[in-house]
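One structure below.
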Amino acid sequence: MSATTPRIAVLAAPGAREQPYPQLHVFHDLGALLAAGPWDVLLLDQPGAQAGQALQQLRRAEGCRFLPIYCCRDQDDWCLALGDGTPPAQADALVAQWRLWRGRFALFNRGVAPERFDSRVLAWLWLRAAGEVRALRDTAVARHYRYPLLEVLAEEETVNDFVWLQLMAQQGWLQAGELVDRLRLCNRCGSGRLNYVDVCPECGDLDIARQPSLHCFTCGHVGPQELFVREGLLLCPNCLTRLRHIGSDYDRPLENYGCRHCQAFFVDARIEARCLDCGQVQAPERLRVREVRHYRLTDAGRLHCRQGLGEAGRTELTLLRLNLRGGREFAELLSWQIELVRRYGGPPFSVLGMRLHNLRTLGELRAHALIDGLLERLLEMVRETDRCTRASEELFWMLLPHTDAAGLASLRQRLTRPSGLLGDAAAHGIALSTVGFSAPQDLLEQEDGPLLLARLAGELE
């Protein structure tokens with residue numbers, strides 16, 4: 001890897017246009033490109049389907065696993081899952097992105113290269129600010145969806161994608177993003193290849209069919225139309241009443257079914273889900289429901305990557321001492337505190353919001369170092385009973401039980417004074433704004449935790 005200028009290679013299809021980058025090495029064969037490496041940046045100037053196939057091979061190659069790889073033409077789902085989007089139009093912008101990538105790579109895991117599957121996935125996401133583990137629909141697999149990033153980074157390991165993602169989310173390193181689909185899977189083998197069939201509710205046989213039927217108003221009998229026809233007349237087979245006028249003597253039910261196996265007559269069939277892979281027959285409500293989502297790094301996951309994967313104890317200790325909670329859990333705790341105050345009139349509590357301004361002017365790497373320093377200083381101010389959450393890199397919330405308005409004002413004063421939370425960061429143009437709330441005096445009617453946080457965040461803009 002060059003110190004200042006990246007080595008750039010392009011895998012071009014016949015007739016590809018010329019790229020506006022200097023010192024560009026052009027290849028028309030993937031094998032030749034890999035043999036001539038190592039490279040710092042790769043461009044795929046191919047149709048989307050070809051670029052997607054090339055990306056699968058490149059991400060499995062150790063030297064290209066984490067590299068910035070851009071797709072110059074249309075992008076298919078594999079390109080979206082494994083690539084870095086379209087390349088910048090200007091060479092200077094491409095070099096700037098590569099230098100940022102190189103700086104993040106040096107910062108990851110304190111310079112130790114990722115070796116295990118977990119660390120490889122975290123590293124790939126860490127190197128891309130907007131990186132996601134994206135789900136891809138593929139009817140060739142039993143569950144209809146796959147996660148290409150996990151497949152290419154697994155190497156020879158066997159990984160259950162859905163289970164691994166749920167475990168990482170439970171540990172707090174990944175968070176579920178956009179809901180892509182909701183699947184119903186066989187409760188025996190987990191396959192999504194299911195056939196839903198109508199069967200007879202009496203005997204369970206598949207051989208049923210719709211039959212024209214009549215409903216006698218005199219006795220209420222319902223049966224197949226053929227049983228009502230006798231010698232050219234309509235007679236109820238139950239009470240033998242002659243049926244002359246539809247609407248006054250009889251009518252036709254909307255739908256009726258008959259079973260050719262047991263001769264049962266019924267209005268609604270029973271629905272069964274039959275697995276096409278293992279043959280299991282089950283009621284639809286017995287199927288396993290699974291949500292398919294994209295996943296991305298959490299704030300705790302980013303902190304984990306920066307402080308070192310081999311020092312999980314240190315990372316967990318920092319998060320534990322900060323009492324850092326996920327956004328949903330924090331909002332639920334806040335709603336619970338609000339309900340206590342409404343029902344019992346106390347105990348009082350306060351909420352403190354903090355937003356850092358001008359953080360992006362430092363650059364990403366210096367901003368991360370600043371945030372780590374702020375977390376260390378914040379540890380000195382957080383009590384064991386306080387709860388915290390980070391809505392974003394710039395926005396931080398604290399829930400302060402048994403803290404009235406006077407206590408909140410004192411804490412805000414400590415944070416905003418020159419020797420407070422920012423310290424030397426104020427000299428770099430970084431500013432801190434705070435917003436406070438104290439219950440019960442500031443509580444609005446019918447306001448819950450999420451609404452309160454949204455209202456306070458608007459005051460921090």
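We name chains A, B, ... following the order of the structure tokens; residues begin at 1 in each chain, and ligands are numbered from 1 as shown.
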
_From a backbone DSSP assignment, name each residue in range 175-359 of chain A labelled strand (DSSP E), as a PyMOL selection string._
chain A and resi 175-185+194-199+208-210+213-216+222-224+229-230+233-234+250-251+257-259+265-266+270-275+281-282+288-297+349-357

_What's around Gln175 in chain A at 7 Å? Count only C-alpha atoms, leave out sequence neighbours fewer than 3 positions away in its own chain, and write the answer as a list of chain:residue names._
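Skipping anything fewer than 3 positions along the chain leaves A:Ala169, A:Tyr295, A:Arg296, A:Leu297, A:Thr298.
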
*Write out as a VMD selection string all residues of range 118-305 of chain A that DSSP puts in alpha helix (DSSP H) for this structure's backbone.*
chain A and resid 118 to 126 148 to 153 161 to 171 225 to 228 299 to 305

*Calculate how many Å separate CA of Gln46 in chain A from CA of Arg59 in chain A, rounding to one decimal.*
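Atom-to-atom, CA of Gln46 in chain A to CA of Arg59 in chain A, that is 16.6 Å.
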
*Using only C-alpha atoms, find the one residue out of A:Val95, A:Leu42, A:Ile338, A:Leu183 that sits nearest to Arg137 in chain A.*
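Residue with the minimum atom-to-atom distance to Arg137 in chain A: A:Leu183.
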